[in-house]
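In what follows, a single structure is set out as structure tokens and then discussed.
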Amino acid sequence: MGYAERYRCTTCGNHFTVARGPNMFSHVLHCDRCGLGRGVRFAELGDIHERWIAGLGSPWSIATMQHDRHLQETFEGEPLTDEEYEAAVDEWAGSCECGGRWRLKAPAQVRCPTCRGVEAIRTETLLTD
Ligand SMILES: [Zn+2]
Ligand SMILES: [Zn+2]
């Protein structure tokens with residue numbers, strides 16, 4: 001189960017949601033500039049994700065075990081290492097609206113998307129799929 005947190009900005013009063021990982025069927029990428037989170041499903045990554053799974057050697061999670069094992073046994077392409085996968089995901093994800101880049105390993109920051117303020121109060125935690 002992944003989860004998301006609701007925040008209220010203490011500067012402008014805006015409410016916003018920050019996605020947190022981990023999640024069995026998606027990654028949460030973060031913008032390296034504004035710190036916003038964005039969920040990306042493995043299915044969206046397609047080939048990139050399959051090549052990484054193929055290179056893992058063991059299933060990524062219990063939920064995806066059957067799929068991952070099958071892929072690892074039958075995959076015939078070029079597997080990706082962790083570093084290659086990270087670079088490929090960052091490339092695939094492109095840019096955030098703020099001009100920053102979406103990154104797999106960017107630190108999760110809490111920053112108001114309206115005023116860019118970093119002072120915010122957590123109001124709620126929501127479970128996501
Ligand atoms: Zn704000
Ligand atoms: Zn951004």
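Identifiers for the structure tokens are assigned positionally: chains receive A, B, ... in sequence, residues are indexed from 1 per chain, and ligands are indexed from 1 in the order shown.
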Using only C-alpha atoms and all ligand atoms, find each residue in chain A having at least one atom no more than 12 Å away from ligand 1; report its shortest atom-to-atom pair and that distance in Å (one decimal), rows by chain then rising number, as CSV.
residue,atom,partner,partner_atom_place_in_ligand_line,distance
A:Tyr7,CA,ligand 1,1 (Zn),10.0
A:Arg8,CA,ligand 1,1 (Zn),7.8
A:Cys9,CA,ligand 1,1 (Zn),4.7
A:Thr10,CA,ligand 1,1 (Zn),6.7
A:Thr11,CA,ligand 1,1 (Zn),5.1
A:Cys12,CA,ligand 1,1 (Zn),4.1
A:Gly13,CA,ligand 1,1 (Zn),5.9
A:Asn14,CA,ligand 1,1 (Zn),5.2
A:His15,CA,ligand 1,1 (Zn),8.0
A:Phe16,CA,ligand 1,1 (Zn),8.9
A:Val110,CA,ligand 1,1 (Zn),10.7
A:Arg111,CA,ligand 1,1 (Zn),7.8
A:Cys112,CA,ligand 1,1 (Zn),4.6
A:Pro113,CA,ligand 1,1 (Zn),6.7
A:Thr114,CA,ligand 1,1 (Zn),5.1
A:Cys115,CA,ligand 1,1 (Zn),4.1
A:Arg116,CA,ligand 1,1 (Zn),6.0
A:Gly117,CA,ligand 1,1 (Zn),5.2
A:Val118,CA,ligand 1,1 (Zn),8.0
A:Glu119,CA,ligand 1,1 (Zn),8.1
A:Ala120,CA,ligand 1,1 (Zn),8.0
A:Ile121,CA,ligand 1,1 (Zn),11.0
Go through the chains and note each residue within 9 Å of ligand 2, using only C-alpha atoms and all ligand atoms, then give the set as an mmCIF file with all heavy atoms, in the first residue's frame.
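Final output, saved to part.cif:
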data_model
loop_
_atom_site.group_PDB
_atom_site.id
_atom_site.type_symbol
_atom_site.label_atom_id
_atom_site.label_comp_id
_atom_site.auth_asym_id
_atom_site.auth_seq_id
_atom_site.Cartn_x
_atom_site.Cartn_y
_atom_site.Cartn_z
ATOM 1 N N HIS A 30 9.726 12.310 -7.886
ATOM 2 C CA HIS A 30 9.631 13.647 -7.320
ATOM 3 C C HIS A 30 10.361 14.635 -8.211
ATOM 4 O O HIS A 30 11.393 14.317 -8.798
ATOM 5 C CB HIS A 30 10.210 13.686 -5.904
ATOM 6 C CG HIS A 30 9.355 12.965 -4.922
ATOM 7 N ND1 HIS A 30 9.577 11.662 -4.563
ATOM 8 C CD2 HIS A 30 8.245 13.358 -4.267
ATOM 9 C CE1 HIS A 30 8.635 11.289 -3.714
ATOM 10 N NE2 HIS A 30 7.813 12.292 -3.513
ATOM 11 N N CYS A 31 9.817 15.825 -8.288
ATOM 12 C CA CYS A 31 10.450 16.896 -9.042
ATOM 13 C C CYS A 31 11.685 17.349 -8.266
ATOM 14 O O CYS A 31 11.617 17.566 -7.064
ATOM 15 C CB CYS A 31 9.461 18.040 -9.210
ATOM 16 S SG CYS A 31 10.228 19.502 -9.917
ATOM 17 N N ASP A 32 12.816 17.512 -8.990
ATOM 18 C CA ASP A 32 14.043 17.903 -8.295
ATOM 19 C C ASP A 32 14.075 19.403 -7.993
ATOM 20 O O ASP A 32 15.025 19.918 -7.422
ATOM 21 C CB ASP A 32 15.284 17.473 -9.078
ATOM 22 C CG ASP A 32 15.381 18.106 -10.457
ATOM 23 O OD1 ASP A 32 14.548 18.970 -10.787
ATOM 24 O OD2 ASP A 32 16.295 17.730 -11.208
ATOM 25 N N ARG A 33 13.028 20.110 -8.385
ATOM 26 C CA ARG A 33 12.993 21.542 -8.111
ATOM 27 C C ARG A 33 11.924 21.903 -7.080
ATOM 28 O O ARG A 33 12.212 22.537 -6.076
ATOM 29 C CB ARG A 33 12.745 22.287 -9.418
ATOM 30 C CG ARG A 33 12.931 23.765 -9.269
ATOM 31 C CD ARG A 33 13.126 24.416 -10.617
ATOM 32 N NE ARG A 33 12.735 25.815 -10.518
ATOM 33 C CZ ARG A 33 12.433 26.559 -11.554
ATOM 34 N NH1 ARG A 33 12.472 26.066 -12.768
ATOM 35 N NH2 ARG A 33 12.085 27.804 -11.381
ATOM 36 N N CYS A 34 10.676 21.495 -7.331
ATOM 37 C CA CYS A 34 9.608 21.889 -6.407
ATOM 38 C C CYS A 34 9.251 20.777 -5.421
ATOM 39 O O CYS A 34 8.512 20.998 -4.474
ATOM 40 C CB CYS A 34 8.361 22.342 -7.169
ATOM 41 S SG CYS A 34 7.477 21.014 -8.005
ATOM 42 N N GLY A 35 9.769 19.565 -5.652
ATOM 43 C CA GLY A 35 9.549 18.483 -4.700
ATOM 44 C C GLY A 35 8.189 17.820 -4.787
ATOM 45 O O GLY A 35 7.847 16.971 -3.976
ATOM 46 N N LEU A 36 7.391 18.172 -5.779
ATOM 47 C CA LEU A 36 6.090 17.543 -5.959
ATOM 48 C C LEU A 36 6.250 16.059 -6.249
ATOM 49 O O LEU A 36 7.242 15.654 -6.851
ATOM 50 C CB LEU A 36 5.347 18.178 -7.131
ATOM 51 C CG LEU A 36 4.487 19.409 -6.880
ATOM 52 C CD1 LEU A 36 3.736 19.747 -8.159
ATOM 53 C CD2 LEU A 36 3.506 19.178 -5.748
ATOM 54 N N GLY A 37 5.271 15.271 -5.847
ATOM 55 C CA GLY A 37 5.284 13.843 -6.134
ATOM 56 C C GLY A 37 4.360 13.516 -7.288
ATOM 57 O O GLY A 37 3.365 14.197 -7.510
ATOM 58 N N SER A 95 9.775 16.718 -17.847
ATOM 59 C CA SER A 95 9.832 17.873 -16.945
ATOM 60 C C SER A 95 8.524 18.124 -16.215
ATOM 61 O O SER A 95 7.446 17.893 -16.743
ATOM 62 C CB SER A 95 10.159 19.139 -17.741
ATOM 63 O OG SER A 95 11.285 18.926 -18.545
ATOM 64 N N CYS A 96 8.666 18.653 -15.040
ATOM 65 C CA CYS A 96 7.538 19.107 -14.229
ATOM 66 C C CYS A 96 7.075 20.463 -14.767
ATOM 67 O O CYS A 96 7.822 21.151 -15.456
ATOM 68 C CB CYS A 96 8.006 19.219 -12.785
ATOM 69 S SG CYS A 96 6.867 20.036 -11.663
ATOM 70 N N GLU A 97 5.867 20.859 -14.409
ATOM 71 C CA GLU A 97 5.331 22.167 -14.832
ATOM 72 C C GLU A 97 6.193 23.334 -14.380
ATOM 73 O O GLU A 97 6.222 24.382 -15.006
ATOM 74 C CB GLU A 97 3.930 22.369 -14.259
ATOM 75 C CG GLU A 97 2.850 21.686 -15.058
ATOM 76 C CD GLU A 97 1.471 21.933 -14.461
ATOM 77 O OE1 GLU A 97 1.361 22.785 -13.558
ATOM 78 O OE2 GLU A 97 0.524 21.270 -14.901
ATOM 79 N N CYS A 98 6.910 23.143 -13.263
ATOM 80 C CA CYS A 98 7.719 24.235 -12.708
ATOM 81 C C CYS A 98 9.034 24.389 -13.452
ATOM 82 O O CYS A 98 9.789 25.323 -13.195
ATOM 83 C CB CYS A 98 7.988 24.002 -11.222
ATOM 84 S SG CYS A 98 9.299 22.793 -10.927
ATOM 85 N N GLY A 99 9.345 23.484 -14.378
ATOM 86 C CA GLY A 99 10.601 23.561 -15.114
ATOM 87 C C GLY A 99 11.652 22.607 -14.581
ATOM 88 O O GLY A 99 12.699 22.411 -15.196
ATOM 89 N N GLY A 100 11.397 22.003 -13.407
ATOM 90 C CA GLY A 100 12.309 20.995 -12.854
ATOM 91 C C GLY A 100 12.134 19.673 -13.575
ATOM 92 O O GLY A 100 11.334 19.563 -14.504
ATOM 93 N N ARG A 101 12.910 18.673 -13.162
ATOM 94 C CA ARG A 101 12.837 17.356 -13.789
ATOM 95 C C ARG A 101 12.250 16.353 -12.803
ATOM 96 O O ARG A 101 12.549 16.387 -11.619
ATOM 97 C CB ARG A 101 14.255 16.881 -14.162
ATOM 98 C CG ARG A 101 14.971 17.784 -15.129
ATOM 99 C CD ARG A 101 14.682 17.483 -16.572
ATOM 100 N NE ARG A 101 14.905 16.073 -16.891
ATOM 101 C CZ ARG A 101 14.630 15.526 -18.073
ATOM 102 N NH1 ARG A 101 14.129 16.268 -19.033
ATOM 103 N NH2 ARG A 101 14.848 14.252 -18.303
ATOM 104 N N TRP A 102 11.416 15.436 -13.343
ATOM 105 C CA TRP A 102 10.911 14.344 -12.511
ATOM 106 C C TRP A 102 12.027 13.340 -12.324
ATOM 107 O O TRP A 102 12.652 12.927 -13.300
ATOM 108 C CB TRP A 102 9.734 13.655 -13.188
ATOM 109 C CG TRP A 102 8.540 14.516 -13.313
ATOM 110 C CD1 TRP A 102 8.021 15.015 -14.475
ATOM 111 C CD2 TRP A 102 7.686 14.977 -12.265
ATOM 112 N NE1 TRP A 102 6.909 15.767 -14.195
ATOM 113 C CE2 TRP A 102 6.679 15.753 -12.859
ATOM 114 C CE3 TRP A 102 7.682 14.806 -10.873
ATOM 115 C CZ2 TRP A 102 5.665 16.366 -12.105
ATOM 116 C CZ3 TRP A 102 6.685 15.411 -10.124
ATOM 117 C CH2 TRP A 102 5.684 16.183 -10.744
ATOM 118 N N PRO A 113 2.498 23.947 -4.086
ATOM 119 C CA PRO A 113 2.584 24.138 -5.546
ATOM 120 C C PRO A 113 2.123 25.529 -5.983
ATOM 121 O O PRO A 113 2.424 25.955 -7.097
ATOM 122 C CB PRO A 113 1.663 23.056 -6.112
ATOM 123 C CG PRO A 113 0.758 22.674 -4.992
ATOM 124 C CD PRO A 113 1.487 22.957 -3.704
#
One number please: atom CA of A:Leu29 to atom CA of A:Thr64, in Å, one decimal.
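Result for atom CA of A:Leu29 versus atom CA of A:Thr64: 19.9 Å, one decimal.
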Within chain A, find each residue whose DSSP state, derived from the backbone, is alpha helix (DSSP H), and express the selection as an mmCIF file with N, CA and C atoms, in the first residue's frame.
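result20.cif, written as the output of this step:
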data_model
loop_
_atom_site.group_PDB
_atom_site.id
_atom_site.type_symbol
_atom_site.label_atom_id
_atom_site.label_comp_id
_atom_site.auth_asym_id
_atom_site.auth_seq_id
_atom_site.Cartn_x
_atom_site.Cartn_y
_atom_site.Cartn_z
ATOM 1 N N PHE A 42 3.772 1.030 -13.337
ATOM 2 C CA PHE A 42 4.735 0.222 -14.092
ATOM 3 C C PHE A 42 4.244 0.004 -15.516
ATOM 4 N N ALA A 43 2.921 -0.161 -15.656
ATOM 5 C CA ALA A 43 2.346 -0.410 -16.977
ATOM 6 C C ALA A 43 2.647 0.750 -17.930
ATOM 7 N N GLU A 44 2.697 1.972 -17.399
ATOM 8 C CA GLU A 44 3.002 3.141 -18.233
ATOM 9 C C GLU A 44 4.448 3.098 -18.718
ATOM 10 N N LEU A 45 5.322 2.574 -17.879
ATOM 11 C CA LEU A 45 6.746 2.517 -18.224
ATOM 12 C C LEU A 45 7.034 1.420 -19.244
ATOM 13 N N ASP A 47 8.214 -1.199 -21.508
ATOM 14 C CA ASP A 47 9.496 -1.814 -21.812
ATOM 15 C C ASP A 47 10.595 -1.527 -20.786
ATOM 16 N N ILE A 48 10.677 -0.270 -20.383
ATOM 17 C CA ILE A 48 11.720 0.164 -19.457
ATOM 18 C C ILE A 48 11.623 -0.659 -18.177
ATOM 19 N N HIS A 49 10.401 -0.755 -17.665
ATOM 20 C CA HIS A 49 10.197 -1.477 -16.415
ATOM 21 C C HIS A 49 10.466 -2.973 -16.586
ATOM 22 N N GLU A 50 10.015 -3.536 -17.693
ATOM 23 C CA GLU A 50 10.210 -4.970 -17.920
ATOM 24 C C GLU A 50 11.690 -5.328 -18.012
ATOM 25 N N ARG A 51 12.466 -4.470 -18.621
ATOM 26 C CA ARG A 51 13.908 -4.731 -18.752
ATOM 27 C C ARG A 51 14.601 -4.681 -17.391
ATOM 28 N N TRP A 52 14.095 -3.817 -16.516
ATOM 29 C CA TRP A 52 14.665 -3.726 -15.167
ATOM 30 C C TRP A 52 14.285 -4.955 -14.344
ATOM 31 N N ILE A 53 13.023 -5.337 -14.412
ATOM 32 C CA ILE A 53 12.551 -6.539 -13.705
ATOM 33 C C ILE A 53 13.362 -7.743 -14.169
ATOM 34 N N ALA A 54 13.583 -7.831 -15.486
ATOM 35 C CA ALA A 54 14.334 -8.962 -16.044
ATOM 36 C C ALA A 54 15.740 -9.024 -15.448
ATOM 37 N N GLY A 55 16.317 -7.862 -15.140
ATOM 38 C CA GLY A 55 17.663 -7.810 -14.605
ATOM 39 C C GLY A 55 17.726 -7.981 -13.090
ATOM 40 N N LEU A 56 16.600 -7.916 -12.405
ATOM 41 C CA LEU A 56 16.572 -8.010 -10.943
ATOM 42 C C LEU A 56 16.980 -9.386 -10.419
ATOM 43 N N MET A 65 4.814 -11.141 -8.152
ATOM 44 C CA MET A 65 5.728 -12.280 -8.243
ATOM 45 C C MET A 65 5.537 -13.143 -9.488
ATOM 46 N N GLN A 66 4.279 -13.521 -9.751
ATOM 47 C CA GLN A 66 4.016 -14.403 -10.891
ATOM 48 C C GLN A 66 4.447 -13.762 -12.199
ATOM 49 N N HIS A 67 4.022 -12.531 -12.370
ATOM 50 C CA HIS A 67 4.364 -11.780 -13.573
ATOM 51 C C HIS A 67 5.888 -11.643 -13.704
ATOM 52 N N ASP A 68 6.549 -11.285 -12.611
ATOM 53 C CA ASP A 68 7.994 -11.040 -12.635
ATOM 54 C C ASP A 68 8.774 -12.312 -12.939
ATOM 55 N N ARG A 69 8.390 -13.421 -12.295
ATOM 56 C CA ARG A 69 9.078 -14.699 -12.535
ATOM 57 C C ARG A 69 8.963 -15.094 -13.999
ATOM 58 N N HIS A 70 7.748 -14.976 -14.503
ATOM 59 C CA HIS A 70 7.499 -15.357 -15.893
ATOM 60 C C HIS A 70 8.367 -14.515 -16.819
ATOM 61 N N LEU A 71 8.399 -13.238 -16.542
ATOM 62 C CA LEU A 71 9.189 -12.311 -17.357
ATOM 63 C C LEU A 71 10.679 -12.679 -17.300
ATOM 64 N N GLN A 72 11.158 -12.958 -16.101
ATOM 65 C CA GLN A 72 12.579 -13.281 -15.928
ATOM 66 C C GLN A 72 12.964 -14.570 -16.650
ATOM 67 N N GLU A 73 12.007 -15.493 -16.759
ATOM 68 C CA GLU A 73 12.301 -16.755 -17.428
ATOM 69 C C GLU A 73 12.245 -16.653 -18.949
ATOM 70 N N THR A 74 11.422 -15.728 -19.431
ATOM 71 C CA THR A 74 11.183 -15.683 -20.877
ATOM 72 C C THR A 74 11.796 -14.471 -21.576
ATOM 73 N N ASP A 82 20.143 -1.097 -12.100
ATOM 74 C CA ASP A 82 19.437 -0.064 -11.338
ATOM 75 C C ASP A 82 19.741 1.334 -11.861
ATOM 76 N N GLU A 83 21.031 1.586 -12.133
ATOM 77 C CA GLU A 83 21.442 2.917 -12.610
ATOM 78 C C GLU A 83 20.852 3.226 -13.974
ATOM 79 N N GLU A 84 20.883 2.233 -14.864
ATOM 80 C CA GLU A 84 20.336 2.430 -16.212
ATOM 81 C C GLU A 84 18.823 2.636 -16.151
ATOM 82 N N TYR A 85 18.205 1.908 -15.258
ATOM 83 C CA TYR A 85 16.759 2.018 -15.102
ATOM 84 C C TYR A 85 16.388 3.414 -14.591
ATOM 85 N N GLU A 86 17.094 3.867 -13.575
ATOM 86 C CA GLU A 86 16.846 5.188 -13.008
ATOM 87 C C GLU A 86 16.970 6.268 -14.085
ATOM 88 N N ALA A 87 18.044 6.183 -14.880
ATOM 89 C CA ALA A 87 18.271 7.158 -15.943
ATOM 90 C C ALA A 87 17.165 7.083 -16.988
ATOM 91 N N ALA A 88 16.738 5.871 -17.324
ATOM 92 C CA ALA A 88 15.700 5.685 -18.343
ATOM 93 C C ALA A 88 14.353 6.212 -17.854
ATOM 94 N N VAL A 89 14.041 6.008 -16.579
ATOM 95 C CA VAL A 89 12.776 6.505 -16.019
ATOM 96 C C VAL A 89 12.781 8.031 -15.988
ATOM 97 N N ASP A 90 13.896 8.623 -15.558
ATOM 98 C CA ASP A 90 14.006 10.084 -15.500
ATOM 99 C C ASP A 90 13.823 10.681 -16.896
ATOM 100 N N GLU A 91 14.447 10.046 -17.881
ATOM 101 C CA GLU A 91 14.354 10.481 -19.267
ATOM 102 C C GLU A 91 12.906 10.396 -19.751
ATOM 103 N N TRP A 92 12.277 9.276 -19.451
ATOM 104 C CA TRP A 92 10.897 9.029 -19.858
ATOM 105 C C TRP A 92 9.945 10.050 -19.229
ATOM 106 N N ALA A 93 10.187 10.367 -17.967
ATOM 107 C CA ALA A 93 9.253 11.204 -17.198
ATOM 108 C C ALA A 93 9.262 12.666 -17.631
#
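With only C-alpha atoms as the atoms that count, the minimum distance from A:Leu80 to the choices A:Leu126, A:Leu104, A:Ile62, A:Gly57 is reached by A:Gly57.
Proximity ranking of A:Glu76, A:Arg122, A:Phe25, A:Arg20 relative to A:Ser61 places A:Phe25 first, based on only C-alpha atoms.
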Just the number, please: distance in Å from atom CA of A:Ala63 to atom CA of A:Met24, one decimal.
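We find that atom CA of A:Ala63 and atom CA of A:Met24 lie 6.7 Å from each other.
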One decimal place gives the atom CA of A:Thr128-atom CA of A:Tyr3 separation as 4.9 Å
Can you list, as a PyMOL selection string, all residues belonging to chain A that DSSP tags as strand (DSSP E)?
chain A and resi 2-9+15-20+26-31+37-41+102-103+120-128
Residue selection dump (N, CA, C and O atoms) as a short mmCIF file (atom, residue, chain, number, x, y, z; two decimals), in the first residue's frame:
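Once everything was written out, this is again-v5.cif:
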data_model
loop_
_atom_site.label_atom_id
_atom_site.label_comp_id
_atom_site.auth_asym_id
_atom_site.auth_seq_id
_atom_site.Cartn_x
_atom_site.Cartn_y
_atom_site.Cartn_z
N GLY A 2 0.56 2.16 -0.86
CA GLY A 2 1.21 3.45 -0.82
C GLY A 2 0.30 4.40 -0.05
O GLY A 2 -0.80 4.03 0.37
N TYR A 3 0.75 5.60 0.14
CA TYR A 3 -0.12 6.56 0.78
C TYR A 3 0.20 7.97 0.31
O TYR A 3 1.23 8.20 -0.32
N ALA A 4 -0.72 8.86 0.61
CA ALA A 4 -0.52 10.26 0.24
C ALA A 4 -0.83 11.09 1.47
O ALA A 4 -1.57 10.67 2.35
N GLU A 5 -0.24 12.26 1.54
CA GLU A 5 -0.49 13.14 2.67
C GLU A 5 -1.08 14.45 2.19
O GLU A 5 -0.64 15.01 1.20
N ARG A 6 -2.07 14.91 2.94
CA ARG A 6 -2.69 16.21 2.64
C ARG A 6 -2.02 17.26 3.51
O ARG A 6 -1.80 17.03 4.71
N TYR A 7 -1.70 18.38 2.92
CA TYR A 7 -1.08 19.47 3.67
C TYR A 7 -1.84 20.77 3.47
O TYR A 7 -2.51 20.95 2.45
N ARG A 8 -1.71 21.65 4.44
CA ARG A 8 -2.22 23.01 4.28
C ARG A 8 -1.03 23.95 4.40
O ARG A 8 -0.27 23.90 5.37
N CYS A 9 -0.88 24.78 3.37
CA CYS A 9 0.23 25.73 3.35
C CYS A 9 -0.05 26.84 4.37
O CYS A 9 -1.12 27.42 4.38
N HIS A 15 -4.50 24.03 0.00
CA HIS A 15 -4.42 22.62 0.38
C HIS A 15 -3.81 21.84 -0.77
O HIS A 15 -4.17 22.07 -1.92
N PHE A 16 -2.91 20.94 -0.48
CA PHE A 16 -2.32 20.13 -1.55
C PHE A 16 -1.98 18.74 -1.03
O PHE A 16 -1.93 18.50 0.18
N THR A 17 -1.75 17.84 -1.96
CA THR A 17 -1.50 16.44 -1.64
C THR A 17 -0.11 16.04 -2.10
O THR A 17 0.32 16.40 -3.19
N VAL A 18 0.61 15.31 -1.26
CA VAL A 18 1.93 14.80 -1.61
C VAL A 18 1.86 13.28 -1.64
O VAL A 18 1.48 12.66 -0.65
N ALA A 19 2.21 12.69 -2.77
CA ALA A 19 2.19 11.23 -2.89
C ALA A 19 3.43 10.65 -2.24
O ALA A 19 4.54 11.17 -2.40
N ARG A 20 3.27 9.58 -1.48
CA ARG A 20 4.39 8.91 -0.84
C ARG A 20 4.41 7.45 -1.28
O ARG A 20 3.39 6.84 -1.48
N SER A 26 3.51 0.82 -8.74
CA SER A 26 3.97 2.09 -9.29
C SER A 26 5.13 2.65 -8.47
O SER A 26 5.38 2.21 -7.36
N HIS A 27 5.83 3.60 -9.05
CA HIS A 27 6.85 4.35 -8.35
C HIS A 27 6.29 5.74 -8.08
O HIS A 27 5.39 6.18 -8.78
N VAL A 28 6.87 6.41 -7.11
CA VAL A 28 6.54 7.82 -6.93
C VAL A 28 7.79 8.61 -7.30
O VAL A 28 8.84 8.47 -6.69
N LEU A 29 7.69 9.39 -8.37
CA LEU A 29 8.79 10.25 -8.78
C LEU A 29 8.62 11.61 -8.11
O LEU A 29 7.50 12.00 -7.79
N HIS A 30 9.73 12.31 -7.89
CA HIS A 30 9.63 13.65 -7.32
C HIS A 30 10.36 14.63 -8.21
O HIS A 30 11.39 14.32 -8.80
N CYS A 31 9.82 15.82 -8.29
CA CYS A 31 10.45 16.90 -9.04
C CYS A 31 11.69 17.35 -8.27
O CYS A 31 11.62 17.57 -7.06
N GLY A 37 5.27 15.27 -5.85
CA GLY A 37 5.28 13.84 -6.13
C GLY A 37 4.36 13.52 -7.29
O GLY A 37 3.37 14.20 -7.51
N ARG A 38 4.71 12.46 -8.02
CA ARG A 38 3.89 12.04 -9.15
C ARG A 38 3.96 10.51 -9.22
O ARG A 38 5.05 9.95 -9.31
N GLY A 39 2.84 9.85 -9.18
CA GLY A 39 2.81 8.39 -9.26
C GLY A 39 2.89 7.95 -10.71
O GLY A 39 2.23 8.51 -11.57
N VAL A 40 3.73 6.96 -10.97
CA VAL A 40 3.84 6.41 -12.31
C VAL A 40 3.65 4.90 -12.23
O VAL A 40 4.38 4.21 -11.52
N ARG A 41 2.65 4.41 -12.95
CA ARG A 41 2.39 2.98 -12.93
C ARG A 41 3.41 2.24 -13.78
O ARG A 41 3.84 2.73 -14.81
N TRP A 102 11.42 15.44 -13.34
CA TRP A 102 10.91 14.34 -12.51
C TRP A 102 12.03 13.34 -12.32
O TRP A 102 12.65 12.93 -13.30
N ARG A 103 12.27 12.95 -11.09
CA ARG A 103 13.33 11.98 -10.83
C ARG A 103 12.89 10.90 -9.86
O ARG A 103 12.19 11.16 -8.90
N ALA A 120 4.30 24.00 5.82
CA ALA A 120 2.98 23.42 5.64
C ALA A 120 2.66 22.48 6.80
O ALA A 120 3.56 21.90 7.40
N ILE A 121 1.39 22.36 7.10
CA ILE A 121 0.95 21.49 8.20
C ILE A 121 0.24 20.28 7.61
O ILE A 121 -0.63 20.44 6.74
N ARG A 122 0.62 19.11 8.05
CA ARG A 122 -0.06 17.90 7.56
C ARG A 122 -1.43 17.81 8.20
O ARG A 122 -1.55 17.87 9.41
N THR A 123 -2.44 17.64 7.36
CA THR A 123 -3.81 17.60 7.88
C THR A 123 -4.42 16.21 7.81
O THR A 123 -5.36 15.91 8.52
N GLU A 124 -3.88 15.36 6.94
CA GLU A 124 -4.53 14.08 6.72
C GLU A 124 -3.57 13.12 6.00
O GLU A 124 -2.74 13.56 5.23
N THR A 125 -3.70 11.82 6.27
CA THR A 125 -2.94 10.83 5.52
C THR A 125 -3.94 9.89 4.83
O THR A 125 -4.85 9.38 5.47
N LEU A 126 -3.77 9.74 3.54
CA LEU A 126 -4.72 8.94 2.75
C LEU A 126 -4.03 7.69 2.21
O LEU A 126 -2.90 7.77 1.74
N LEU A 127 -4.71 6.57 2.27
CA LEU A 127 -4.16 5.36 1.65
C LEU A 127 -4.49 5.35 0.17
O LEU A 127 -5.56 5.76 -0.23
N THR A 128 -3.53 4.92 -0.62
CA THR A 128 -3.76 4.81 -2.06
C THR A 128 -3.53 3.35 -2.45
O THR A 128 -3.01 2.58 -1.65
#
